[in-house]
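Enquirer: Dropping in query34.cif, with mmCIF, C-alpha atoms.
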data_work
#
loop_
_atom_site.group_PDB
_atom_site.id
_atom_site.type_symbol
_atom_site.label_atom_id
_atom_site.label_comp_id
_atom_site.auth_asym_id
_atom_site.auth_seq_id
_atom_site.Cartn_x
_atom_site.Cartn_y
_atom_site.Cartn_z
ATOM 1 C CA TYR I 1 -15.356 2.187 -15.041
ATOM 2 C CA SER I 2 -12.807 4.738 -16.260
ATOM 3 C CA GLU I 3 -14.840 7.869 -15.534
ATOM 4 C CA THR I 4 -15.688 6.841 -11.977
ATOM 5 C CA SER I 5 -12.342 5.277 -11.067
ATOM 6 C CA GLN I 6 -9.238 6.782 -9.539
ATOM 7 C CA ILE I 7 -5.541 5.888 -9.502
ATOM 8 C CA VAL I 8 -4.247 6.394 -5.975
ATOM 9 C CA HIS I 9 -0.821 6.177 -4.379
ATOM 10 C CA PHE I 10 -0.603 5.079 -0.757
ATOM 11 C CA LEU I 11 2.249 4.758 1.702
ATOM 12 C CA GLY I 12 1.650 1.762 3.951
ATOM 13 C CA ARG I 13 3.602 1.030 7.098
ATOM 14 C CA ALA I 14 4.045 -2.645 6.225
ATOM 15 C CA SER I 15 3.659 -2.449 2.443
ATOM 16 C CA GLY I 16 5.589 0.667 1.403
ATOM 17 C CA VAL I 17 4.491 2.706 -1.604
ATOM 18 C CA LEU I 18 1.448 1.266 -3.397
ATOM 19 C CA ARG I 19 -0.084 2.227 -6.737
ATOM 20 C CA LEU I 20 -3.686 1.099 -6.844
ATOM 21 C CA MET I 21 -6.738 1.385 -9.062
ATOM 22 C CA ALA I 22 -9.795 2.406 -7.042
ATOM 23 C CA LYS I 23 -12.575 1.157 -9.335
ATOM 24 C CA GLY I 24 -15.746 3.178 -9.042
ATOM 25 C CA ALA I 25 -14.297 5.373 -6.288
ATOM 26 C CA LYS I 26 -16.212 8.407 -7.545
ATOM 27 C CA ARG I 27 -19.584 6.709 -7.368
ATOM 28 C CA LYS I 28 -21.847 7.728 -4.489
ATOM 29 C CA LYS I 29 -22.151 4.147 -3.236
ATOM 30 C CA SER I 30 -18.519 3.102 -3.335
ATOM 31 C CA SER I 31 -16.613 0.662 -1.115
ATOM 32 C CA THR I 32 -13.932 3.317 -0.798
ATOM 33 C CA GLY I 33 -16.364 5.846 0.672
ATOM 34 C CA GLY I 34 -16.127 8.111 -2.358
ATOM 35 C CA ALA I 35 -13.213 9.831 -4.083
ATOM 36 C CA ILE I 36 -9.991 9.632 -2.060
ATOM 37 C CA ASP I 37 -8.353 12.982 -1.383
ATOM 38 C CA LEU I 38 -4.727 13.946 -0.852
ATOM 39 C CA MET I 39 -3.502 13.369 2.727
ATOM 40 C CA SER I 40 -6.371 10.986 3.503
ATOM 41 C CA GLU I 41 -5.209 8.473 6.092
ATOM 42 C CA GLY I 42 -6.975 5.224 6.871
ATOM 43 C CA ASP I 43 -7.232 1.463 6.631
ATOM 44 C CA LEU I 44 -7.289 -0.277 3.284
ATOM 45 C CA VAL I 45 -7.813 -3.678 1.732
ATOM 46 C CA TYR I 46 -6.193 -4.279 -1.644
ATOM 47 C CA ILE I 47 -5.224 -6.952 -4.144
ATOM 48 C CA PRO I 48 -1.522 -6.754 -5.060
ATOM 49 C CA SER I 49 -0.566 -6.464 -8.699
ATOM 50 C CA ARG I 50 0.934 -9.494 -10.410
ATOM 51 C CA ALA I 51 1.227 -8.808 -14.116
ATOM 52 C CA GLU I 52 -0.499 -5.409 -14.238
ATOM 53 C CA PRO I 53 1.252 -2.148 -13.225
ATOM 54 C CA LEU I 54 -1.511 -1.324 -10.733
ATOM 55 C CA GLY I 55 -2.984 -3.276 -7.847
ATOM 56 C CA THR I 56 -6.662 -3.053 -7.025
ATOM 57 C CA LEU I 57 -8.112 -1.193 -4.071
ATOM 58 C CA VAL I 58 -10.949 -3.213 -2.544
ATOM 59 C CA GLU I 59 -11.893 -1.064 0.431
ATOM 60 C CA PHE I 60 -10.685 2.132 2.098
ATOM 61 C CA THR I 61 -11.903 3.462 5.436
ATOM 62 C CA GLU I 62 -10.697 6.981 6.196
ATOM 63 C CA THR I 63 -9.545 7.568 9.766
ATOM 64 C CA ASP I 64 -8.103 11.061 9.376
ATOM 65 C CA SER I 65 -8.589 13.652 6.640
ATOM 66 C CA HIS I 66 -6.125 16.101 8.273
ATOM 67 C CA LEU I 67 -8.760 18.792 7.988
ATOM 68 C CA ALA I 68 -6.773 21.272 10.102
ATOM 69 C CA LEU I 69 -4.037 21.347 7.454
ATOM 70 C CA ARG I 70 -6.527 22.183 4.710
ATOM 71 C CA THR I 71 -7.513 25.485 6.298
ATOM 72 C CA ASP I 72 -3.986 26.943 6.429
ATOM 73 C CA ALA I 73 -1.856 27.350 3.285
ATOM 74 C CA ALA I 74 1.519 27.005 5.038
ATOM 75 C CA ARG I 75 0.513 23.804 6.814
ATOM 76 C CA LEU I 76 -1.136 22.382 3.696
ATOM 77 C CA ASN I 77 1.883 23.095 1.486
ATOM 78 C CA THR I 78 4.245 21.647 4.078
ATOM 79 C CA GLY I 79 2.177 18.486 4.392
ATOM 80 C CA LEU I 80 2.000 18.021 0.629
ATOM 81 C CA TYR I 81 5.760 18.572 0.337
ATOM 82 C CA MET I 82 6.442 15.900 2.954
ATOM 83 C CA ILE I 83 4.175 13.416 1.169
ATOM 84 C CA GLU I 84 5.861 14.172 -2.152
ATOM 85 C CA LEU I 85 9.295 13.745 -0.573
ATOM 86 C CA ALA I 86 8.446 10.353 0.904
ATOM 87 C CA GLY I 87 7.003 9.168 -2.406
ATOM 88 C CA ALA I 88 10.038 10.381 -4.351
ATOM 89 C CA LEU I 89 12.627 8.719 -2.113
ATOM 90 C CA LEU I 90 10.964 5.350 -1.542
ATOM 91 C CA ALA I 91 10.677 2.543 -4.083
ATOM 92 C CA GLU I 92 7.388 0.740 -4.672
ATOM 93 C CA ALA I 93 6.591 -2.190 -2.367
ATOM 94 C CA ASP I 94 9.677 -1.480 -0.234
ATOM 95 C CA PRO I 95 8.465 -1.005 3.358
ATOM 96 C CA HIS I 96 10.038 1.736 5.464
ATOM 97 C CA PRO I 97 8.033 1.792 8.708
ATOM 98 C CA GLU I 98 10.340 4.463 10.126
ATOM 99 C CA VAL I 99 9.480 6.865 7.295
ATOM 100 C CA PHE I 100 5.777 6.009 7.622
ATOM 101 C CA ASP I 101 5.916 6.838 11.342
ATOM 102 C CA LEU I 102 7.823 10.058 10.641
ATOM 103 C CA LEU I 103 5.203 11.151 8.099
ATOM 104 C CA HIS I 104 2.257 10.103 10.271
ATOM 105 C CA ASN I 105 3.626 11.974 13.301
ATOM 106 C CA ALA I 106 4.663 15.049 11.304
ATOM 107 C CA LEU I 107 1.215 15.428 9.726
ATOM 108 C CA ALA I 108 -0.404 15.029 13.131
ATOM 109 C CA ARG I 109 1.914 17.663 14.621
ATOM 110 C CA LEU I 110 1.177 20.088 11.772
ATOM 111 C CA GLY I 111 -2.488 19.842 12.669
ATOM 112 C CA GLU I 112 -1.881 21.183 16.162
ATOM 113 C CA ALA I 113 -2.449 24.908 16.687
ATOM 114 C CA ASP I 114 0.960 25.520 18.277
ATOM 115 C CA ALA I 115 2.967 23.551 15.686
ATOM 116 C CA PRO I 116 6.258 25.233 14.660
ATOM 117 C CA VAL I 117 5.737 24.513 10.966
ATOM 118 C CA PRO I 118 9.316 25.210 9.719
ATOM 119 C CA ALA I 119 10.807 23.082 12.506
ATOM 120 C CA VAL I 120 8.423 20.181 11.829
ATOM 121 C CA LEU I 121 9.468 20.210 8.168
ATOM 122 C CA ALA I 122 13.174 20.474 9.002
ATOM 123 C CA TRP I 123 12.981 17.486 11.343
ATOM 124 C CA PHE I 124 11.027 15.430 8.802
ATOM 125 C CA GLN I 125 13.429 16.202 5.943
ATOM 126 C CA TRP I 126 16.516 15.575 8.049
ATOM 127 C CA ARG I 127 15.291 12.296 9.561
ATOM 128 C CA THR I 128 13.933 10.968 6.237
ATOM 129 C CA LEU I 129 17.164 11.708 4.385
ATOM 130 C CA ARG I 130 19.163 10.125 7.202
ATOM 131 C CA HIS I 131 16.992 7.015 7.191
ATOM 132 C CA THR I 132 17.197 6.542 3.428
ATOM 133 C CA GLY I 133 20.996 6.861 3.520
ATOM 134 C CA LEU I 134 21.131 10.120 1.585
ATOM 135 C CA LEU I 135 22.520 12.223 4.427
ATOM 136 C CA GLY I 136 25.614 11.270 6.359
ATOM 137 C CA ASP I 137 27.478 12.610 9.370
ATOM 138 C CA LEU I 138 27.393 16.408 9.377
ATOM 139 C CA SER I 139 29.915 16.879 12.188
ATOM 140 C CA THR I 140 32.940 16.483 9.924
ATOM 141 C CA CYS I 141 34.062 17.706 6.498
ATOM 142 C CA ALA I 142 33.081 15.108 3.885
ATOM 143 C CA ALA I 143 36.320 15.748 1.990
ATOM 144 C CA CYS I 144 39.046 15.831 4.673
ATOM 145 C CA GLY I 145 37.277 14.536 7.777
ATOM 146 C CA ARG I 146 38.069 17.575 9.923
ATOM 147 C CA HIS I 147 35.568 18.199 12.717
ATOM 148 C CA VAL I 148 33.322 21.218 12.164
ATOM 149 C CA GLY I 149 30.904 22.981 14.466
ATOM 150 C CA PRO I 150 28.165 25.589 14.255
ATOM 151 C CA ALA I 151 30.739 28.389 14.644
ATOM 152 C CA ALA I 152 32.844 27.278 11.661
ATOM 153 C CA ARG I 153 33.373 29.836 8.895
ATOM 154 C CA GLY I 154 33.326 29.372 5.138
ATOM 155 C CA MET I 155 31.342 26.127 5.302
ATOM 156 C CA HIS I 156 29.480 24.668 2.336
ATOM 157 C CA PHE I 157 27.123 21.772 1.742
ATOM 158 C CA SER I 158 27.776 19.513 -1.236
ATOM 159 C CA SER I 159 25.168 17.015 -2.387
ATOM 160 C CA SER I 160 27.711 15.133 -4.488
ATOM 161 C CA GLU I 161 30.056 14.829 -1.503
ATOM 162 C CA GLY I 162 27.163 13.872 0.750
ATOM 163 C CA GLY I 163 27.714 16.408 3.481
ATOM 164 C CA LEU I 164 29.591 19.450 4.709
ATOM 165 C CA VAL I 165 32.729 20.796 3.055
ATOM 166 C CA CYS I 166 35.125 22.994 5.027
ATOM 167 C CA SER I 167 36.629 26.249 3.760
ATOM 168 C CA SER I 168 39.954 24.534 2.977
ATOM 169 C CA CYS I 169 38.329 21.908 0.748
ATOM 170 C CA ALA I 170 35.556 23.976 -0.834
ATOM 171 C CA GLY I 171 37.728 25.203 -3.713
ATOM 172 C CA GLY I 172 38.109 21.662 -5.021
ATOM 173 C CA VAL I 173 34.381 20.888 -5.006
ATOM 174 C CA ALA I 174 32.371 22.133 -7.988
ATOM 175 C CA GLU I 175 28.827 21.476 -6.723
ATOM 176 C CA LYS I 176 28.118 23.169 -3.409
ATOM 177 C CA CYS I 177 26.024 25.780 -1.652
ATOM 178 C CA ARG I 178 27.310 28.126 1.009
ATOM 179 C CA LEU I 179 26.025 27.720 4.556
ATOM 180 C CA ASP I 180 25.337 30.667 6.820
ATOM 181 C CA HIS I 181 25.334 30.616 10.612
ATOM 182 C CA ALA I 182 21.591 29.905 10.757
ATOM 183 C CA ALA I 183 21.931 26.760 8.618
ATOM 184 C CA LEU I 184 24.889 25.428 10.614
ATOM 185 C CA ALA I 185 23.170 26.154 13.925
ATOM 186 C CA GLY I 186 19.973 24.495 12.685
ATOM 187 C CA LEU I 187 21.768 21.339 11.551
ATOM 188 C CA ASP I 188 23.593 21.193 14.878
ATOM 189 C CA ALA I 189 20.271 21.542 16.737
ATOM 190 C CA LEU I 190 18.709 18.669 14.774
ATOM 191 C CA ALA I 191 21.676 16.434 15.581
ATOM 192 C CA ALA I 192 21.301 17.346 19.252
ATOM 193 C CA VAL I 193 17.595 16.465 19.227
ATOM 194 C CA ALA I 194 18.349 13.128 17.555
ATOM 195 C CA ALA I 195 20.863 12.440 20.338
ATOM 196 C CA GLY I 196 18.156 13.005 22.928
ATOM 197 C CA ARG I 197 19.023 16.551 23.950
ATOM 198 C CA LYS I 198 16.087 18.965 24.006
ATOM 199 C CA THR I 199 17.202 21.829 21.761
ATOM 200 C CA PRO I 200 15.117 24.685 20.339
ATOM 201 C CA LEU I 201 15.015 25.291 16.588
ATOM 202 C CA PRO I 202 14.022 28.910 15.871
ATOM 203 C CA ASP I 203 12.126 29.624 12.665
ATOM 204 C CA ASN I 204 15.074 31.351 10.958
ATOM 205 C CA HIS I 205 17.327 28.354 11.643
ATOM 206 C CA ALA I 206 14.623 25.913 10.487
ATOM 207 C CA HIS I 207 14.053 27.874 7.261
ATOM 208 C CA ALA I 208 17.801 27.838 6.536
ATOM 209 C CA VAL I 209 17.999 24.079 7.118
ATOM 210 C CA ASN I 210 14.962 23.452 4.918
ATOM 211 C CA ARG I 211 16.558 25.348 2.045
ATOM 212 C CA VAL I 212 19.760 23.301 2.318
ATOM 213 C CA LEU I 213 17.948 19.976 2.513
ATOM 214 C CA ALA I 214 15.589 20.847 -0.348
ATOM 215 C CA TYR I 215 18.699 21.752 -2.383
ATOM 216 C CA HIS I 216 20.126 18.322 -1.525
ATOM 217 C CA VAL I 217 16.890 16.556 -2.490
ATOM 218 C CA ALA I 218 16.787 18.369 -5.831
ATOM 219 C CA ASN I 219 20.355 17.316 -6.589
ATOM 220 C CA GLN I 220 19.727 13.709 -5.621
ATOM 221 C CA LEU I 221 16.569 13.468 -7.731
ATOM 222 C CA GLY I 222 17.843 15.575 -10.611
ATOM 223 C CA LYS I 223 15.035 18.113 -10.199
ATOM 224 C CA PRO I 224 13.277 19.977 -7.368
ATOM 225 C CA LEU I 225 10.084 18.613 -5.916
ATOM 226 C CA LYS I 226 6.950 20.301 -7.290
ATOM 227 C CA MET I 227 5.854 21.523 -3.846
ATOM 228 C CA ALA I 228 9.264 22.942 -2.939
ATOM 229 C CA ARG I 229 8.438 26.387 -4.327
ATOM 230 C CA TYR I 230 5.434 26.587 -1.992
ATOM 231 C CA ALA I 231 6.780 24.888 1.137
ATOM 232 C CA ILE I 232 10.373 26.139 1.287
ATOM 233 C CA ALA I 233 10.768 29.763 2.371
ATOM 234 C CA PRO I 234 13.079 31.726 0.020
ATOM 235 C CA VAL I 235 16.061 33.718 1.242
ATOM 236 C CA ARG I 236 15.078 37.238 2.298
#
Could you write out this file's structure as C-alpha coordinates?
Expert:
Amino acid sequence: YSETSQIVHFLGRASGVLRLMAKGAKRKKSSTGGAIDLMSEGDLVYIPSRAEPLGTLVEFTETDSHLALRTDAARLNTGLYMIELAGALLAEADPHPEVFDLLHNALARLGEADAPVPAVLAWFQWRTLRHTGLLGDLSTCAACGRHVGPAARGMHFSSSEGGLVCSSCAGGVAEKCRLDHAALAGLDALAAVAAGRKTPLPDNHAHAVNRVLAYHVANQLGKPLKMARYAIAPVR
(Lines of atoms letter the chains of each structure in order from A and count residues from 1; the text may use other names and numbers.)
(Lines give C-alpha, C1' and ligand atoms only; values in the text may rest on other atoms or scores of the structure.)
Protein backbone atom coordinates (compact mmCIF):
# COMPACT_ATOMS: atom_id res chain seq x y z
CA TYR A 1 0.00 0.00 0.00
CA SER A 2 3.03 2.31 -0.02
CA GLU A 3 2.17 4.24 -3.18
CA THR A 4 -1.40 4.98 -2.10
CA SER A 5 -0.72 5.60 1.59
CA GLN A 6 0.14 8.77 3.45
CA ILE A 7 1.88 9.58 6.73
CA VAL A 8 -0.10 12.32 8.46
CA HIS A 9 0.43 14.35 11.61
CA PHE A 10 -2.63 15.49 13.54
CA LEU A 11 -3.13 17.66 16.59
CA GLY A 12 -6.04 16.32 18.63
CA ARG A 13 -7.69 18.19 21.47
CA ALA A 14 -7.72 15.13 23.74
CA SER A 15 -4.86 13.16 22.18
CA GLY A 16 -2.16 15.74 21.42
CA VAL A 17 0.18 15.28 18.47
CA LEU A 18 -0.42 12.05 16.54
CA ARG A 19 1.67 10.43 13.81
CA LEU A 20 -0.50 8.09 11.79
CA MET A 21 -0.31 5.93 8.68
CA ALA A 22 -3.31 6.54 6.42
CA LYS A 23 -3.32 3.30 4.42
CA GLY A 24 -4.74 3.71 0.95
CA ALA A 25 -5.57 7.38 1.54
CA LYS A 26 -4.81 8.26 -2.08
CA ARG A 27 -7.22 5.72 -3.50
CA LYS A 28 -10.48 7.09 -4.91
CA LYS A 29 -12.59 4.91 -2.60
CA SER A 30 -10.81 5.52 0.68
CA SER A 31 -12.19 5.59 4.23
CA THR A 32 -10.29 8.83 4.72
CA GLY A 33 -12.12 10.54 1.85
CA GLY A 34 -8.98 10.77 -0.25
CA ALA A 35 -5.57 12.33 0.34
CA ILE A 36 -5.49 14.51 3.46
CA ASP A 37 -4.26 18.05 2.87
CA LEU A 38 -2.46 20.50 5.14
CA MET A 39 -4.80 22.41 7.48
CA SER A 40 -7.61 19.87 7.03
CA GLU A 41 -9.70 19.78 10.18
CA GLY A 42 -12.14 17.03 11.06
CA ASP A 43 -13.08 13.96 13.05
CA LEU A 44 -10.89 10.88 13.04
CA VAL A 45 -10.84 7.29 14.21
CA TYR A 46 -7.42 5.73 14.74
CA ILE A 47 -5.61 2.79 16.30
CA PRO A 48 -2.82 3.94 18.64
CA SER A 49 0.68 2.65 18.06
CA ARG A 50 2.06 0.07 20.47
CA ALA A 51 5.36 -1.23 19.14
CA GLU A 52 5.42 0.59 15.79
CA PRO A 53 6.42 4.28 15.44
CA LEU A 54 3.15 5.10 13.66
CA GLY A 55 -0.47 4.54 14.62
CA THR A 56 -3.06 3.67 12.02
CA LEU A 57 -5.71 6.03 10.73
CA VAL A 58 -9.00 4.17 10.31
CA GLU A 59 -11.32 6.97 9.23
CA PHE A 60 -11.16 10.73 8.72
CA THR A 61 -14.13 12.99 8.04
CA GLU A 62 -13.15 16.52 7.05
CA THR A 63 -15.22 19.28 8.64
CA ASP A 64 -13.21 22.29 7.49
CA SER A 65 -10.61 22.63 4.74
CA HIS A 66 -9.93 26.31 5.60
CA LEU A 67 -10.42 27.15 1.95
CA ALA A 68 -10.38 30.91 2.58
CA LEU A 69 -6.76 30.68 3.75
CA ARG A 70 -5.70 28.90 0.57
CA THR A 71 -6.64 31.83 -1.66
CA ASP A 72 -4.44 34.40 0.12
CA ALA A 73 -0.67 33.92 0.49
CA ALA A 74 -0.33 35.91 3.73
CA ARG A 75 -3.14 34.02 5.44
CA LEU A 76 -1.92 30.67 4.13
CA ASN A 77 1.67 31.26 5.26
CA THR A 78 0.50 32.45 8.67
CA GLY A 79 -1.70 29.40 9.13
CA LEU A 80 1.08 27.02 8.13
CA TYR A 81 3.50 28.79 10.49
CA MET A 82 1.08 28.40 13.39
CA ILE A 83 0.62 24.69 12.66
CA GLU A 84 4.38 24.21 12.44
CA LEU A 85 4.87 26.07 15.72
CA ALA A 86 2.34 23.94 17.58
CA GLY A 87 3.88 20.75 16.21
CA ALA A 88 7.40 21.86 17.14
CA LEU A 89 6.58 22.80 20.73
CA LEU A 90 4.34 19.89 21.69
CA ALA A 91 5.47 16.33 22.39
CA GLU A 92 3.68 13.35 20.86
CA ALA A 93 0.64 12.02 22.73
CA ASP A 94 0.80 14.89 25.24
CA PRO A 95 -2.60 16.64 25.15
CA HIS A 96 -2.71 20.43 25.31
CA PRO A 97 -6.37 21.36 24.79
CA GLU A 98 -5.54 25.04 25.32
CA VAL A 99 -3.12 25.04 22.38
CA PHE A 100 -5.61 23.09 20.26
CA ASP A 101 -8.29 25.70 21.00
CA LEU A 102 -5.85 28.53 20.26
CA LEU A 103 -4.95 26.99 16.89
CA HIS A 104 -8.56 26.16 16.01
CA ASN A 105 -9.74 29.69 16.82
CA ALA A 106 -6.78 31.39 15.13
CA LEU A 107 -7.29 29.48 11.87
CA ALA A 108 -10.99 30.31 11.96
CA ARG A 109 -10.22 33.99 12.54
CA LEU A 110 -7.71 34.05 9.68
CA GLY A 111 -10.48 32.87 7.39
CA GLU A 112 -12.58 35.95 8.10
CA ALA A 113 -12.33 38.81 5.60
CA ASP A 114 -11.59 41.45 8.24
CA ALA A 115 -8.95 39.42 10.12
CA PRO A 116 -5.91 41.47 11.23
CA VAL A 117 -3.43 38.79 10.15
CA PRO A 118 -0.31 40.10 12.00
CA ALA A 119 -2.29 40.53 15.23
CA VAL A 120 -3.80 37.04 15.00
CA LEU A 121 -0.31 35.57 14.64
CA ALA A 122 1.11 37.68 17.48
CA TRP A 123 -1.65 36.56 19.84
CA PHE A 124 -1.23 32.91 18.85
CA GLN A 125 2.56 32.96 19.29
CA TRP A 126 2.39 34.81 22.60
CA ARG A 127 -0.35 32.63 24.12
CA THR A 128 1.22 29.36 22.89
CA LEU A 129 4.64 30.24 24.28
CA ARG A 130 3.06 31.31 27.56
CA HIS A 131 1.08 28.09 27.82
CA THR A 132 4.07 25.85 27.11
CA GLY A 133 6.14 27.66 29.75
CA LEU A 134 8.61 29.17 27.31
CA LEU A 135 7.65 32.79 27.94
CA GLY A 136 7.54 34.30 31.39
CA ASP A 137 6.50 37.62 32.89
CA LEU A 138 7.45 40.46 30.55
CA SER A 139 6.70 43.28 32.99
CA THR A 140 10.04 43.01 34.78
CA CYS A 141 13.70 42.60 33.83
CA ALA A 142 14.57 38.89 33.86
CA ALA A 143 18.01 39.68 35.30
CA CYS A 144 17.37 42.22 38.08
CA GLY A 145 13.59 42.15 38.50
CA ARG A 146 13.11 45.88 37.92
CA HIS A 147 9.69 46.81 36.54
CA VAL A 148 9.71 47.91 32.90
CA GLY A 149 7.02 49.47 30.76
CA PRO A 150 6.39 50.24 27.10
CA ALA A 151 8.21 53.59 27.45
CA ALA A 152 11.44 52.03 28.76
CA ARG A 153 14.61 52.74 26.78
CA GLY A 154 17.46 50.42 25.87
CA MET A 155 15.40 47.26 26.40
CA HIS A 156 16.37 43.87 24.99
CA PHE A 157 14.80 40.44 24.80
CA SER A 158 16.94 37.44 25.73
CA SER A 159 15.79 33.92 24.95
CA SER A 160 18.35 32.42 27.32
CA GLU A 161 17.16 34.67 30.15
CA GLY A 162 13.54 33.97 29.27
CA GLY A 163 12.32 37.52 28.99
CA LEU A 164 13.16 41.21 28.93
CA VAL A 165 16.54 42.61 29.94
CA CYS A 166 16.85 46.26 30.99
CA SER A 167 19.53 48.66 29.77
CA SER A 168 21.51 48.28 33.02
CA CYS A 169 21.71 44.48 32.71
CA ALA A 170 22.01 44.12 28.94
CA GLY A 171 25.81 44.42 28.93
CA GLY A 172 26.13 41.21 30.94
CA VAL A 173 23.89 39.15 28.65
CA ALA A 174 25.51 37.74 25.50
CA GLU A 175 22.40 36.49 23.66
CA LYS A 176 19.82 39.21 23.13
CA CYS A 177 17.97 41.26 20.55
CA ARG A 178 17.16 44.93 20.91
CA LEU A 179 13.53 45.96 21.28
CA ASP A 180 12.13 49.09 19.70
CA HIS A 181 9.09 51.02 20.88
CA ALA A 182 6.75 49.07 18.58
CA ALA A 183 7.82 45.72 20.07
CA LEU A 184 7.48 46.92 23.67
CA ALA A 185 4.10 48.51 22.97
CA GLY A 186 2.91 45.34 21.22
CA LEU A 187 3.96 43.08 24.09
CA ASP A 188 2.26 45.43 26.55
CA ALA A 189 -0.94 45.33 24.45
CA LEU A 190 -0.97 41.52 24.42
CA ALA A 191 -0.60 41.43 28.20
CA ALA A 192 -3.49 43.88 28.49
CA VAL A 193 -5.71 41.73 26.27
CA ALA A 194 -4.85 38.64 28.32
CA ALA A 195 -5.88 40.56 31.44
CA GLY A 196 -9.27 41.26 29.89
CA ARG A 197 -8.68 44.82 28.72
CA LYS A 198 -9.68 45.50 25.11
CA THR A 199 -6.53 46.94 23.54
CA PRO A 200 -5.78 47.53 19.85
CA LEU A 201 -2.68 46.00 18.26
CA PRO A 202 -1.69 47.96 15.14
CA ASP A 203 0.02 46.08 12.33
CA ASN A 204 3.44 47.67 12.96
CA HIS A 205 3.33 46.66 16.63
CA ALA A 206 2.14 43.14 15.74
CA HIS A 207 4.92 42.72 13.16
CA ALA A 208 7.52 43.80 15.73
CA VAL A 209 6.18 41.34 18.31
CA ASN A 210 6.12 38.52 15.77
CA ARG A 211 9.77 39.09 14.94
CA VAL A 212 10.75 38.96 18.62
CA LEU A 213 8.74 35.83 19.33
CA ALA A 214 9.97 34.06 16.19
CA TYR A 215 13.52 34.92 17.33
CA HIS A 216 12.71 33.35 20.70
CA VAL A 217 11.26 30.22 19.07
CA ALA A 218 14.34 29.81 16.89
CA ASN A 219 16.61 30.04 19.93
CA GLN A 220 14.55 27.57 21.92
CA LEU A 221 14.45 25.03 19.09
CA GLY A 222 18.00 25.64 17.89
CA LYS A 223 16.81 26.65 14.41
CA PRO A 224 14.09 28.83 12.86
CA LEU A 225 10.84 27.28 11.76
CA LYS A 226 10.68 26.60 8.01
CA MET A 227 7.66 28.88 7.51
CA ALA A 228 9.16 31.78 9.46
CA ARG A 229 10.73 33.33 6.36
CA TYR A 230 7.29 33.50 4.73
CA ALA A 231 5.08 34.38 7.70
CA ILE A 232 7.23 36.83 9.65
CA ALA A 233 7.54 40.29 8.10
CA PRO A 234 11.18 41.47 7.92
CA VAL A 235 12.35 44.80 9.30
CA ARG A 236 11.90 47.62 6.79
Enquirer: Given the choices I:Thr71, I:Asn219, I:Asn77, I:Thr63, which gets closest to Glu41 in chain I if the distance is worked out from all atoms listed in the file?
Expert: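 Checking each candidate against Glu41 in chain I, we get I:Thr63 as the closest.
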Enquirer: So what do you get for CA of Gly171 in chain I versus CA of Gly149 in chain I, distance-wise?
Expert: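 Interatomic distance here is 19.5 Å.
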Enquirer: Find the spatial neighbours of Ala74 in chain I, counting all atoms listed in the file, within a cut-off of 12 Å - ignore same-chain residues fewer than 2 positions away - and output them as a count of residues only.
Expert: 26
Enquirer: With distances taken over all atoms listed in the file, which of I:Val173, I:Leu221, I:Ala88, I:Leu184 is nearest to Ala143 in chain I?
Expert: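 Of the candidates, the smallest distance to Ala143 in chain I is held by I:Val173.
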Enquirer: Could you state the separation of CA of Ile36 in chain I and CA of Ala22 in chain I in Å, given to one decimal place?
Expert: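 Going from CA of Ile36 in chain I over to CA of Ala22 in chain I, I get 8.8 Å.
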Enquirer: From the set I:Ala119, I:Arg109, I:Arg146, I:His66, which residue has the shortest atom-to-atom contact distance to Thr199 in chain I, counting all atoms listed in the file?
Expert: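 For Thr199 in chain I, the nearest of the candidates is I:Ala119.
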Enquirer: Once the PyMOL selection byres ((chain I and resi 204-206) around 8) has been evaluated on this model, what residues remain selected, and can you format them as a ChimeraX atom specification?
Expert: /I:118-119,122,182-183,185-186,201-203,207-210
Enquirer: What is the distance between CA of Glu175 in chain I and CA of Ala194 in chain I, in Å to one decimal?
Expert: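 These two atoms are separated by 27.7 Å.
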Enquirer: Written as a VMD selection string, what is the full residue list that the PyMOL selection byres ((chain I and resi 144) around 10) yields on the file shown?
Expert: chain I and resid 140 to 143 145 to 147 165 to 166 168 to 169
Enquirer: I'd like the contact shell of Tyr215 in chain I - 10 Å cut-off, all atoms listed in the file, skipping same-chain residues fewer than 5 positions apart - returned as a list in words.
Expert: Phe157, Ser158, Ser159, Lys176, Cys177, Val209, Asn210, Gln220, Lys223, Pro224, Leu225 and Ala228 of chain I
Enquirer: Would you give the centre and edge lengths, in Å to one decimal, of a box along x, y and z around the listed atoms of range 137-146 of chain I, with 5 Å added to each side, as AutoDock Vina command-line options?
Expert:
--center_x 33.2 --center_y 15.2 --center_z 7.1 --size_x 21.7 --size_y 15.1 --size_z 20.2
Enquirer: Which residue, I:Ser40, I:Glu62, I:Phe100, I:Leu67, has the smallest gap to Gly16 in chain I when you use all atoms listed in the file?
Expert: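 Smallest separation from Gly16 in chain I among the options: I:Phe100.
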Enquirer: Please check which residues have atoms at most 10 Å from (11.2, 1.7, 1.8) in the file's coordinates, counting all atoms listed in the file, and write them as a ChimeraX atom specification.
Expert: /I:11-17,86-87,89-100,131-132
Enquirer: When the PyMOL selection byres ((chain I and resi 154) around 9) is applied to the file above, which residues end up in the set, as a PDB file with C-alpha atoms, keeping the file's coordinate frame?
Expert:
ATOM      1  CA  ALA I 152      32.844  27.278  11.661  1.00  0.00           C
ATOM      2  CA  ARG I 153      33.373  29.836   8.895  1.00  0.00           C
ATOM      3  CA  MET I 155      31.342  26.127   5.302  1.00  0.00           C
ATOM      4  CA  HIS I 156      29.480  24.668   2.336  1.00  0.00           C
ATOM      5  CA  VAL I 165      32.729  20.796   3.055  1.00  0.00           C
ATOM      6  CA  CYS I 166      35.125  22.994   5.027  1.00  0.00           C
ATOM      7  CA  SER I 167      36.629  26.249   3.760  1.00  0.00           C
ATOM      8  CA  SER I 168      39.954  24.534   2.977  1.00  0.00           C
ATOM      9  CA  ALA I 170      35.556  23.976  -0.834  1.00  0.00           C
ATOM     10  CA  ARG I 178      27.310  28.126   1.009  1.00  0.00           C
ATOM     11  CA  LEU I 179      26.025  27.720   4.556  1.00  0.00           C
ATOM     12  CA  ASP I 180      25.337  30.667   6.820  1.00  0.00           C
TER      13      ASP I 180
END
Enquirer: Which of these residues is nearest to Gly136 in chain I, using all atoms listed in the file: I:Asp101, I:Ala174, I:Asp114, I:Gly163?
Expert: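 Counting all atoms listed in the file, the residue closest to Gly136 in chain I is I:Gly163.
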